[in-house]
file run-v6.txt (compact mmCIF, C-alpha atoms and all ligand atoms)
# COMPACT_ATOMS: atom_id res chain seq x y z
CA MET S 158 -37.35 -1.06 26.21
CA LYS S 159 -34.47 1.34 25.84
CA GLN S 160 -34.67 4.67 27.66
CA PHE S 161 -33.92 7.53 25.33
CA THR S 162 -31.56 9.97 26.99
CA SER S 163 -31.69 12.59 24.32
CA ARG S 164 -33.58 13.55 21.25
CA ARG S 165 -30.56 12.60 19.16
CA ASP S 166 -30.50 9.10 20.65
CA PHE S 167 -34.13 8.73 19.88
CA LEU S 168 -33.71 9.82 16.31
CA LYS S 169 -30.71 7.56 15.89
CA THR S 170 -32.56 4.50 17.13
CA ALA S 171 -35.67 5.40 15.22
CA SER S 172 -33.82 5.82 11.98
CA ALA S 173 -31.88 2.59 12.55
CA ALA S 174 -35.16 0.82 13.08
CA SER S 175 -36.73 2.30 10.00
CA LEU S 176 -33.67 1.44 7.93
CA ALA S 177 -33.81 -2.10 9.25
CA LEU S 178 -37.50 -2.26 8.46
CA ALA S 179 -36.88 -0.98 4.98
CA ALA S 180 -34.29 -3.74 4.64
CA GLY S 181 -36.92 -6.24 5.73
CA GLY S 182 -36.38 -6.81 9.44
CA TRP S 183 -35.67 -5.45 12.88
CA PRO S 184 -32.11 -4.81 13.96
CA GLY S 185 -30.58 -7.56 16.03
CA LYS S 186 -28.17 -6.64 18.77
CA SER S 187 -26.25 -4.14 16.66
CA GLU S 188 -27.53 -0.65 16.18
CA ALA S 189 -26.61 1.25 13.04
CA ALA S 190 -23.64 3.51 13.62
CA GLU S 191 -23.99 7.24 13.08
CA PHE S 192 -21.00 7.31 10.74
CA VAL S 193 -20.17 4.39 8.46
CA LEU S 194 -16.86 4.58 6.62
CA LYS S 195 -15.89 2.18 3.86
CA TYR S 196 -12.25 1.14 3.78
CA ALA S 197 -10.99 -0.86 0.77
CA ASN S 198 -7.69 -2.52 -0.12
CA ASN S 199 -6.06 -4.89 -2.58
CA LEU S 200 -4.64 -7.57 -0.27
CA ALA S 201 -5.66 -11.01 0.98
CA LEU S 202 -7.44 -11.28 4.33
CA THR S 203 -4.45 -13.13 5.77
CA HIS S 204 -1.98 -10.29 5.05
CA PRO S 205 -1.02 -8.29 8.18
CA MET S 206 -2.66 -5.22 6.63
CA ASN S 207 -6.09 -6.80 6.95
CA VAL S 208 -5.36 -8.41 10.31
CA ARG S 209 -4.38 -5.04 11.80
CA ALA S 210 -7.19 -3.21 9.98
CA ALA S 211 -9.78 -5.51 11.60
CA GLU S 212 -8.31 -4.73 15.03
CA MET S 213 -8.28 -1.05 14.17
CA ALA S 214 -11.98 -1.10 13.18
CA LYS S 215 -12.86 -2.79 16.46
CA ALA S 216 -10.93 -0.25 18.53
CA ILE S 217 -12.56 2.63 16.65
CA ALA S 218 -16.04 1.18 17.26
CA GLU S 219 -15.31 0.79 20.97
CA GLN S 220 -13.64 4.14 21.52
CA SER S 221 -16.33 5.99 19.59
CA LYS S 222 -18.98 4.11 21.63
CA GLY S 223 -20.47 2.65 18.50
CA ARG S 224 -20.79 5.96 16.66
CA VAL S 225 -18.22 5.06 13.98
CA GLU S 226 -18.22 1.83 12.01
CA ILE S 227 -15.36 1.06 9.62
CA GLN S 228 -16.45 -1.47 7.02
CA ILE S 229 -13.52 -3.33 5.46
CA TYR S 230 -13.53 -4.47 1.83
CA PRO S 231 -10.33 -6.50 1.32
CA ASN S 232 -8.87 -8.34 -1.63
CA ASN S 233 -10.00 -6.05 -4.46
CA GLN S 234 -13.68 -6.73 -3.70
CA LEU S 235 -14.52 -3.22 -4.91
CA GLY S 236 -12.26 -3.36 -7.99
CA GLY S 237 -8.56 -3.07 -8.77
CA ASP S 238 -6.35 -0.24 -7.53
CA THR S 239 -7.12 2.06 -10.45
CA ASP S 240 -10.85 1.65 -9.79
CA MET S 241 -10.55 2.02 -6.03
CA LEU S 242 -8.47 5.17 -6.47
CA ALA S 243 -11.28 6.68 -8.57
CA GLN S 244 -13.81 5.63 -5.91
CA VAL S 245 -11.94 7.16 -2.98
CA ARG S 246 -11.38 10.37 -4.97
CA SER S 247 -15.14 10.70 -5.55
CA GLY S 248 -16.08 9.68 -2.01
CA ALA S 249 -17.77 6.41 -3.03
CA ILE S 250 -15.34 4.83 -0.60
CA ASP S 251 -13.88 6.77 2.32
CA MET S 252 -10.52 5.13 3.02
CA PHE S 253 -8.08 3.21 0.85
CA THR S 254 -4.53 1.92 1.29
CA LEU S 255 -2.54 2.44 -1.89
CA SER S 256 1.09 1.96 -2.81
CA SER S 257 2.86 5.26 -2.87
CA LEU S 258 3.98 4.56 -6.43
CA THR S 259 0.50 3.92 -7.76
CA LEU S 260 -0.67 7.04 -5.92
CA GLY S 261 1.93 8.66 -8.17
CA THR S 262 -0.50 8.29 -11.11
CA LEU S 263 -2.40 11.12 -9.35
CA VAL S 264 0.29 12.97 -7.35
CA PRO S 265 3.61 12.31 -9.15
CA VAL S 266 5.99 13.03 -6.25
CA ALA S 267 4.38 10.22 -4.22
CA GLN S 268 6.50 7.85 -6.30
CA ILE S 269 9.74 9.15 -4.85
CA SER S 270 9.91 6.65 -1.97
CA GLY S 271 10.02 3.80 -4.48
CA MET S 272 13.30 4.92 -6.05
CA GLY S 273 15.52 1.90 -6.78
CA PHE S 274 17.99 1.01 -4.00
CA ALA S 275 17.23 4.23 -2.09
CA PHE S 276 16.96 2.89 1.47
CA LYS S 277 19.65 0.60 2.80
CA ASP S 278 17.56 -0.66 5.75
CA TYR S 279 14.28 -0.23 7.62
CA ASP S 280 15.72 2.34 10.03
CA THR S 281 16.39 4.57 7.05
CA VAL S 282 12.95 3.85 5.57
CA TRP S 283 11.10 4.97 8.71
CA ALA S 284 13.41 7.93 9.31
CA ALA S 285 12.54 9.18 5.81
CA LEU S 286 8.84 8.30 5.72
CA ASP S 287 8.03 9.45 9.28
CA GLY S 288 10.32 12.44 8.68
CA ASP S 289 10.71 15.11 6.02
CA LEU S 290 10.25 12.88 2.97
CA GLY S 291 6.89 11.53 4.17
CA ALA S 292 5.80 15.02 5.23
CA HIS S 293 6.60 16.39 1.77
CA MET S 294 4.64 13.61 0.07
CA ARG S 295 1.61 14.05 2.34
CA GLN S 296 1.64 17.80 1.80
CA GLU S 297 1.48 17.30 -1.97
CA VAL S 298 -1.39 14.81 -1.64
CA GLN S 299 -3.27 17.31 0.54
CA ALA S 300 -2.63 20.20 -1.86
CA LYS S 301 -3.25 18.41 -5.16
CA SER S 302 -6.15 16.01 -4.61
CA THR S 303 -9.46 15.43 -2.83
CA LEU S 304 -7.52 13.10 -0.53
CA PHE S 305 -5.28 13.22 2.50
CA ALA S 306 -2.81 10.66 3.84
CA PHE S 307 -2.63 9.64 7.50
CA GLU S 308 0.78 10.23 9.11
CA LYS S 309 2.11 6.67 9.41
CA ILE S 310 2.62 4.88 6.11
CA TRP S 311 1.91 1.11 6.26
CA ASP S 312 4.55 -1.34 5.10
CA ASN S 313 4.56 -3.37 1.92
CA GLY S 314 8.27 -4.21 2.05
CA TYR S 315 11.39 -4.68 -0.04
CA ARG S 316 10.46 -6.18 -3.39
CA GLN S 317 11.77 -9.38 -5.01
CA ILE S 318 11.39 -10.68 -8.57
CA THR S 319 9.58 -13.95 -9.28
CA ASN S 320 9.11 -15.70 -12.62
CA SER S 321 8.37 -19.03 -14.26
CA ALA S 322 11.31 -19.15 -16.68
CA ARG S 323 14.71 -19.06 -14.96
CA PRO S 324 16.68 -17.87 -11.93
CA VAL S 325 17.48 -14.16 -12.16
CA SER S 326 20.66 -12.92 -10.56
CA SER S 327 21.62 -9.94 -12.73
CA PRO S 328 19.78 -7.58 -15.12
CA ASP S 329 21.02 -9.63 -18.09
CA ASP S 330 18.88 -12.55 -16.90
CA LEU S 331 15.78 -10.38 -17.35
CA LYS S 332 16.38 -9.84 -21.06
CA GLY S 333 13.26 -10.62 -23.10
CA MET S 334 11.22 -11.59 -20.06
CA LYS S 335 7.54 -10.60 -19.92
CA LEU S 336 7.25 -8.92 -16.55
CA ARG S 337 4.30 -7.32 -14.77
CA VAL S 338 4.64 -4.10 -12.80
CA PRO S 339 1.92 -2.18 -10.91
CA PRO S 340 0.53 0.96 -12.57
CA SER S 341 3.08 3.76 -12.05
CA PRO S 342 5.38 5.63 -14.44
CA LEU S 343 8.35 5.09 -12.09
CA TRP S 344 7.88 1.33 -12.00
CA THR S 345 7.65 1.11 -15.79
CA SER S 346 10.67 3.38 -16.18
CA MET S 347 12.79 1.40 -13.70
CA PHE S 348 12.20 -1.93 -15.41
CA LYS S 349 12.77 -0.39 -18.83
CA ALA S 350 16.08 0.85 -17.45
CA LEU S 351 16.81 -2.74 -16.39
CA GLY S 352 16.22 -3.92 -19.95
CA VAL S 353 12.66 -5.30 -20.01
CA SER S 354 9.48 -3.81 -21.40
CA PRO S 355 7.10 -4.34 -18.52
CA THR S 356 3.30 -4.55 -18.63
CA SER S 357 1.22 -2.51 -16.12
CA ILE S 358 -1.39 -4.71 -14.48
CA ASN S 359 -3.40 -4.08 -11.30
CA PHE S 360 -2.72 -6.58 -8.53
CA ALA S 361 -6.34 -7.82 -8.83
CA GLU S 362 -5.38 -9.47 -12.15
CA VAL S 363 -1.82 -10.59 -11.37
CA TYR S 364 -2.55 -14.17 -10.33
CA SER S 365 -4.53 -14.90 -13.49
CA ALA S 366 -2.05 -13.03 -15.72
CA LEU S 367 0.72 -15.30 -14.39
CA GLN S 368 -1.45 -18.39 -14.61
CA THR S 369 -2.44 -17.83 -18.23
CA GLY S 370 1.05 -16.71 -19.26
CA ILE S 371 0.12 -13.14 -20.24
CA VAL S 372 3.28 -12.38 -18.25
CA GLN S 373 6.02 -14.70 -17.00
CA GLY S 374 7.01 -12.82 -13.90
CA GLN S 375 6.31 -10.05 -11.42
CA GLU S 376 7.91 -8.43 -8.39
CA ASN S 377 6.56 -8.12 -4.84
CA PRO S 378 7.63 -8.57 -1.23
CA LEU S 379 7.59 -12.16 0.10
CA ALA S 380 4.54 -11.44 2.30
CA ILE S 381 2.47 -10.79 -0.82
CA ILE S 382 3.98 -13.64 -2.84
CA TYR S 383 2.91 -15.85 0.07
CA THR S 384 -0.51 -14.47 1.06
CA GLY S 385 -1.46 -13.95 -2.61
CA LYS S 386 -0.45 -17.58 -3.33
CA LEU S 387 1.71 -16.47 -6.25
CA TYR S 388 3.92 -19.49 -5.53
CA GLU S 389 1.21 -21.57 -7.22
CA VAL S 390 1.96 -19.91 -10.54
CA GLN S 391 5.67 -19.02 -10.20
CA LYS S 392 8.82 -21.12 -10.00
CA TYR S 393 11.76 -18.82 -9.23
CA CYS S 394 12.20 -16.04 -6.72
CA SER S 395 15.20 -13.78 -6.87
CA MET S 396 16.07 -11.75 -3.76
CA THR S 397 16.79 -8.47 -5.51
CA ASN S 398 15.50 -6.05 -2.81
CA HIS S 399 15.41 -3.59 -5.70
CA MET S 400 13.14 -1.10 -3.95
CA TRP S 401 11.06 -0.53 -0.85
CA ASP S 402 7.31 0.05 -1.09
CA GLY S 403 4.69 1.30 1.38
CA PHE S 404 0.94 1.90 1.46
CA TRP S 405 -0.47 5.30 2.41
CA MET S 406 -3.75 5.09 4.26
CA LEU S 407 -5.72 7.63 2.26
CA GLY S 408 -8.91 9.33 3.36
CA ASN S 409 -11.43 11.30 1.35
CA LYS S 410 -11.32 14.86 2.78
CA LYS S 411 -15.07 15.49 2.48
CA SER S 412 -15.94 12.16 4.14
CA PHE S 413 -13.85 13.11 7.16
CA GLU S 414 -14.99 16.72 7.35
CA ARG S 415 -18.51 15.38 8.06
CA LEU S 416 -17.27 13.88 11.33
CA PRO S 417 -16.94 15.82 14.58
CA LYS S 418 -13.33 16.58 15.51
CA ASP S 419 -13.21 14.17 18.45
CA LEU S 420 -14.24 11.25 16.24
CA GLN S 421 -11.72 12.23 13.57
CA GLU S 422 -9.10 12.08 16.29
CA VAL S 423 -10.20 8.60 17.45
CA ILE S 424 -9.82 7.39 13.85
CA ARG S 425 -6.48 9.10 13.32
CA VAL S 426 -4.91 7.68 16.47
CA ASN S 427 -6.10 4.14 15.74
CA VAL S 428 -5.17 4.17 12.05
CA ASN S 429 -1.63 5.28 12.87
CA ALA S 430 -1.27 2.78 15.73
CA ALA S 431 -2.45 -0.07 13.48
CA GLY S 432 0.00 1.05 10.79
CA VAL S 433 2.91 0.92 13.21
CA ARG S 434 1.96 -2.59 14.40
CA GLN S 435 1.49 -3.73 10.82
CA ARG S 436 5.05 -2.57 10.02
CA GLU S 437 6.43 -4.90 12.66
CA ASP S 438 4.30 -7.84 11.40
CA VAL S 439 5.36 -7.33 7.80
CA ARG S 440 9.03 -7.02 8.64
CA LYS S 441 8.93 -10.27 10.61
CA LEU S 442 6.91 -12.05 7.93
CA ASN S 443 9.18 -10.98 5.08
CA ALA S 444 12.18 -12.13 7.09
CA SER S 445 10.70 -15.56 7.87
CA LEU S 446 8.96 -16.64 4.67
CA ALA S 447 11.89 -17.94 2.61
CA GLY S 448 11.53 -21.41 4.15
CA GLU S 449 7.76 -21.49 3.68
CA LEU S 450 8.08 -20.53 0.03
CA LYS S 451 10.71 -23.20 -0.58
CA ALA S 452 8.33 -25.73 0.97
CA LYS S 453 5.75 -24.59 -1.60
CA GLY S 454 8.17 -25.42 -4.40
CA ILE S 455 9.69 -21.99 -5.07
CA GLN S 456 13.37 -21.94 -5.96
CA LEU S 457 14.98 -18.99 -4.17
CA ASN S 458 18.24 -17.38 -5.14
CA ASP S 459 20.33 -14.40 -4.12
CA ALA S 460 20.90 -11.61 -6.62
CA ASP S 461 23.80 -9.37 -7.48
CA HIS S 462 22.34 -6.14 -6.05
CA GLU S 463 25.29 -4.10 -7.18
CA ALA S 464 24.76 -5.18 -10.81
CA PHE S 465 21.14 -3.95 -10.70
CA HIS S 466 22.07 -0.69 -8.99
CA ALA S 467 24.97 -0.11 -11.40
CA ARG S 468 22.70 -0.64 -14.40
CA LEU S 469 20.29 2.02 -13.14
CA ARG S 470 23.18 4.46 -12.74
CA GLN S 471 24.70 3.58 -16.07
CA VAL S 472 21.53 4.31 -18.06
CA ARG S 473 21.06 7.57 -16.11
CA PHE S 474 17.81 6.46 -14.51
CA TYR S 475 18.48 8.56 -11.38
CA ASP S 476 19.33 11.69 -13.37
CA GLU S 477 16.11 11.37 -15.34
CA TRP S 478 13.97 11.11 -12.17
CA HIS S 479 15.91 13.81 -10.37
CA LYS S 480 14.87 16.09 -13.22
CA LYS S 481 11.23 14.91 -13.05
CA PHE S 482 10.87 15.31 -9.28
CA GLY S 483 12.85 18.56 -9.13
CA ASP S 484 15.75 19.67 -6.93
CA GLN S 485 13.74 20.25 -3.78
CA ALA S 486 12.15 16.79 -3.50
CA TRP S 487 15.36 15.11 -4.68
CA ALA S 488 17.38 16.84 -1.96
CA ILE S 489 14.94 15.57 0.68
CA LEU S 490 15.28 12.02 -0.67
CA GLU S 491 19.08 12.14 -0.76
CA LYS S 492 19.14 13.42 2.82
CA TYR S 493 18.13 9.84 3.73
CA SER S 494 19.41 7.75 0.82
CA GLY S 495 22.76 9.40 0.29
CA LYS S 496 23.84 10.34 -3.24
CA LEU S 497 22.03 8.09 -5.70
CA SER S 498 23.43 8.84 -9.15
O1 LIG S 501 0.32 -4.36 -6.91
C1 LIG S 501 1.23 -4.82 -6.21
O2 LIG S 501 2.15 -5.49 -6.66
C2 LIG S 501 1.22 -4.53 -4.73
C3 LIG S 501 0.21 -5.43 -4.06
O3 LIG S 501 2.47 -4.74 -4.18
C4 LIG S 501 0.85 -3.12 -4.57
O4 LIG S 501 -0.18 -2.77 -4.08
C5 LIG S 501 1.82 -2.16 -5.10
call {"tool": "encode", "arguments": {"input": "run-v6.txt", "output": "structure tokens"}}
result
Amino acid sequence: MKQFTSRRDFLKTASAASLALAAGGWPGKSEAAEFVLKYANNLALTHPMNVRAAEMAKAIAEQSKGRVEIQIYPNNQLGGDTDMLAQVRSGAIDMFTLSSLTLGTLVPVAQISGMGFAFKDYDTVWAALDGDLGAHMRQEVQAKSTLFAFEKIWDNGYRQITNSARPVSSPDDLKGMKLRVPPSPLWTSMFKALGVSPTSINFAEVYSALQTGIVQGQENPLAIIYTGKLYEVQKYCSMTNHMWDGFWMLGNKKSFERLPKDLQEVIRVNVNAAGVRQREDVRKLNASLAGELKAKGIQLNDADHEAFHARLRQVRFYDEWHKKFGDQAWAILEKYSGKLS
């Protein structure tokens, strides 16, 4: 029989037992945690995001001595991104990793890191996102929503275009193609600028939309094309690197305010550490998957990056978004990207 060292311990065990009884049985070896946080995301269990999140949850349980349990709901189990965003805003879920661009449906400036051809390499990406650009975005999320973003953004990667119709090497090859983009005004605008009229579809429905031919193509980093098995329903992959994308780990402010400060700190440290490890995994995976995808029957080709970038300049895509984001945010972006228009 367990010795109760404090009244709180007693109450904790007693309430765990009564909960377990209510659920129809006694607890086994695990005791209910004092704080249970639900974390949801849109990616397959095999993607580095979920691998590192599982490690993160374990470390948080250990370091909080069992007081905090992070429950992970991967692979759109709780709904697509639009749904999950509504749930984390209301507090029905506590944590959610969302593409910065889709977060832009709520806090517009969050889209700024997805600007076409903004970051020439990963060093520039992390300088911007761990530096002033990321700080500006997080400040806006904090000020304009019920959410906050942890400091270290997780990686999605540089995006490539896949489709079932033909190899794409310049914007002209996209003409008339039915292409899916994630929900975000910037994404829609960028592909319109490249000459297609894209359809916004949550990632939860992308595989079936490609399979049934609702759309012919989509764009994503290789790690997602691979772990999401999109190679089963796509034929061509064009290495356009047209933009970089990352996932903010979002938290519901009220959910976290319930926790004592020391436990908030345990979570913060482990979330950021997992994010940094996940960046390294994703970078390596994206760099190594070309061969695997070819083995799955995907035809890979290089693209004329300059032709894509030039088209965006030519149709004044950058000027339009400079105006939308405003001079201040644009200046922070160009500090890292160099002059875009
Ligand atoms: O929806 C997508 O394409 C994905 C998985 O890359 C994002 O979450 C933006």
call {"tool": "residues_around", "arguments": {"input": "run-v6.txt", "residues": "Val423 (chain S)", "least_positions_apart": "3", "cutoff": "8 Å", "atoms": "only C-alpha atoms", "output": "list in words"}}
result
Ile217, Gln220, Ser221, Asp419, Leu420, Val426 and Asn427 of chain S
call {"tool": "closest_atom_pairs", "arguments": {"input": "run-v6.txt", "of": "region 258-362 of chain S", "to": "region 482-491 of chain S", "cutoff": "10 Å", "atoms": "all atoms listed in the file", "output": "Markdown table"}}
result
| residue | atom | partner | partner_atom | distance |
| --- | --- | --- | --- | --- |
| S:Pro265 | CA | S:Phe482 | CA | 7.9 |
| S:Val266 | CA | S:Phe482 | CA | 6.2 |
| S:Ala267 | CA | S:Phe482 | CA | 9.7 |
| S:Gln268 | CA | S:Phe482 | CA | 9.1 |
| S:Ile269 | CA | S:Leu490 | CA | 7.5 |
| S:Ser270 | CA | S:Leu490 | CA | 7.7 |
| S:Met272 | CA | S:Leu490 | CA | 9.1 |
| S:Ala275 | CA | S:Leu490 | CA | 8.2 |
| S:Phe276 | CA | S:Leu490 | CA | 9.5 |
| S:Ala285 | CA | S:Leu490 | CA | 7.6 |
| S:Leu286 | CA | S:Leu490 | CA | 9.8 |
| S:Gly288 | CA | S:Ile489 | CA | 9.8 |
| S:Asp289 | CA | S:Ile489 | CA | 6.8 |
| S:Leu290 | CA | S:Ile489 | CA | 5.9 |
| S:Gly291 | CA | S:Ile489 | CA | 9.7 |
| S:His293 | CA | S:Ala486 | CA | 7.7 |
| S:Met294 | CA | S:Ala486 | CA | 8.9 |
call {"tool": "closest_residue", "arguments": {"input": "run-v6.txt", "among": "S:Lys451, S:Arg337, S:Lys441, S:His479", "to": "ligand LIG 501 (chain S)", "atoms": "only C-alpha atoms and all ligand atoms"}}
result
S:Arg337
call {"tool": "residues_near_ligand", "arguments": {"input": "run-v6.txt", "ligand": "ligand LIG 501 (chain S)", "cutoff": "8 Å", "atoms": "only C-alpha atoms and all ligand atoms", "output": "PyMOL selection string"}}
result
chain S and resi 199-200+238+255-259+313+338-340+358-361+363+375-378+381+402-404
call {"tool": "write_last_selection", "arguments": {"input": "run-v6.txt", "atoms": "C-alpha atoms", "output": "mmCIF file, in the frame of the given file"}}
result
data_model
loop_
_atom_site.group_PDB
_atom_site.id
_atom_site.type_symbol
_atom_site.label_atom_id
_atom_site.label_comp_id
_atom_site.auth_asym_id
_atom_site.auth_seq_id
_atom_site.Cartn_x
_atom_site.Cartn_y
_atom_site.Cartn_z
ATOM 1 C CA ASN S 199 -6.060 -4.890 -2.580
ATOM 2 C CA LEU S 200 -4.640 -7.570 -0.270
ATOM 3 C CA ASP S 238 -6.350 -0.240 -7.530
ATOM 4 C CA LEU S 255 -2.540 2.440 -1.890
ATOM 5 C CA SER S 256 1.090 1.960 -2.810
ATOM 6 C CA SER S 257 2.860 5.260 -2.870
ATOM 7 C CA LEU S 258 3.980 4.560 -6.430
ATOM 8 C CA THR S 259 0.500 3.920 -7.760
ATOM 9 C CA ASN S 313 4.560 -3.370 1.920
ATOM 10 C CA VAL S 338 4.640 -4.100 -12.800
ATOM 11 C CA PRO S 339 1.920 -2.180 -10.910
ATOM 12 C CA PRO S 340 0.530 0.960 -12.570
ATOM 13 C CA ILE S 358 -1.390 -4.710 -14.480
ATOM 14 C CA ASN S 359 -3.400 -4.080 -11.300
ATOM 15 C CA PHE S 360 -2.720 -6.580 -8.530
ATOM 16 C CA ALA S 361 -6.340 -7.820 -8.830
ATOM 17 C CA VAL S 363 -1.820 -10.590 -11.370
ATOM 18 C CA GLN S 375 6.310 -10.050 -11.420
ATOM 19 C CA GLU S 376 7.910 -8.430 -8.390
ATOM 20 C CA ASN S 377 6.560 -8.120 -4.840
ATOM 21 C CA PRO S 378 7.630 -8.570 -1.230
ATOM 22 C CA ILE S 381 2.470 -10.790 -0.820
ATOM 23 C CA ASP S 402 7.310 0.050 -1.090
ATOM 24 C CA GLY S 403 4.690 1.300 1.380
ATOM 25 C CA PHE S 404 0.940 1.900 1.460
#
call {"tool": "atom_distance", "arguments": {"input": "run-v6.txt", "atom1": "CA of Ala189 (chain S)", "atom2": "CA of Val225 (chain S)"}}
result
9.3 Å
call {"tool": "atom_distance", "arguments": {"input": "run-v6.txt", "atom1": "CA of Glu297 (chain S)", "atom2": "CA of Lys309 (chain S)"}}
result
15.6 Å
call {"tool": "atom_distance", "arguments": {"input": "run-v6.txt", "atom1": "CA of Val472 (chain S)", "atom2": "CA of Ala350 (chain S)"}}
result
6.5 Å
call {"tool": "closest_residue", "arguments": {"input": "run-v6.txt", "among": "S:Ser321, S:Asn409, S:Ser326, S:Ser395", "to": "Thr254 (chain S)", "atoms": "all atoms listed in the file"}}
result
S:Asn409
call {"tool": "residues_near_point", "arguments": {"input": "run-v6.txt", "point": "(-7.0, 6.5, 10.3)", "cutoff": "8 Å", "atoms": "all atoms listed in the file", "output": "MDAnalysis selection string"}}
result
chainID S and resid 307 406 408 424:429
call {"tool": "decode", "arguments": {"input": "run-v6.txt", "residues": "region 453-464 of chain S", "atoms": "N, CA and C atoms", "output": "PDB file, in the first residue's frame"}}
result
ATOM      1  N   LYS S 453      10.206   4.213 -55.690  1.00  0.00           N
ATOM      2  CA  LYS S 453       8.745   4.054 -55.594  1.00  0.00           C
ATOM      3  C   LYS S 453       8.064   4.420 -56.904  1.00  0.00           C
ATOM      4  N   GLY S 454       8.841   4.757 -57.923  1.00  0.00           N
ATOM      5  CA  GLY S 454       8.251   5.019 -59.234  1.00  0.00           C
ATOM      6  C   GLY S 454       8.049   6.489 -59.580  1.00  0.00           C
ATOM      7  N   ILE S 455       8.527   7.380 -58.714  1.00  0.00           N
ATOM      8  CA  ILE S 455       8.384   8.819 -58.996  1.00  0.00           C
ATOM      9  C   ILE S 455       9.474   9.257 -59.977  1.00  0.00           C
ATOM     10  N   GLN S 456       9.088  10.047 -60.950  1.00  0.00           N
ATOM     11  CA  GLN S 456      10.059  10.615 -61.881  1.00  0.00           C
ATOM     12  C   GLN S 456      10.453  12.002 -61.380  1.00  0.00           C
ATOM     13  N   LEU S 457      11.718  12.156 -60.987  1.00  0.00           N
ATOM     14  CA  LEU S 457      12.170  13.440 -60.444  1.00  0.00           C
ATOM     15  C   LEU S 457      12.842  14.282 -61.504  1.00  0.00           C
ATOM     16  N   ASN S 458      12.603  15.586 -61.466  1.00  0.00           N
ATOM     17  CA  ASN S 458      13.364  16.447 -62.369  1.00  0.00           C
ATOM     18  C   ASN S 458      13.721  17.766 -61.697  1.00  0.00           C
ATOM     19  N   ASP S 459      14.783  18.377 -62.195  1.00  0.00           N
ATOM     20  CA  ASP S 459      15.192  19.685 -61.697  1.00  0.00           C
ATOM     21  C   ASP S 459      14.282  20.741 -62.306  1.00  0.00           C
ATOM     22  N   ALA S 460      14.226  21.906 -61.685  1.00  0.00           N
ATOM     23  CA  ALA S 460      13.384  22.960 -62.248  1.00  0.00           C
ATOM     24  C   ALA S 460      14.219  24.218 -62.450  1.00  0.00           C
ATOM     25  N   ASP S 461      13.715  25.074 -63.301  1.00  0.00           N
ATOM     26  CA  ASP S 461      14.376  26.343 -63.578  1.00  0.00           C
ATOM     27  C   ASP S 461      13.915  27.355 -62.521  1.00  0.00           C
ATOM     28  N   HIS S 462      14.641  27.373 -61.381  1.00  0.00           N
ATOM     29  CA  HIS S 462      14.208  28.219 -60.253  1.00  0.00           C
ATOM     30  C   HIS S 462      14.086  29.670 -60.661  1.00  0.00           C
ATOM     31  N   GLU S 463      15.031  30.112 -61.475  1.00  0.00           N
ATOM     32  CA  GLU S 463      15.043  31.517 -61.868  1.00  0.00           C
ATOM     33  C   GLU S 463      13.773  31.885 -62.646  1.00  0.00           C
ATOM     34  N   ALA S 464      13.281  30.942 -63.456  1.00  0.00           N
ATOM     35  CA  ALA S 464      12.052  31.217 -64.228  1.00  0.00           C
ATOM     36  C   ALA S 464      10.860  31.413 -63.288  1.00  0.00           C
TER      37      ALA S 464
END
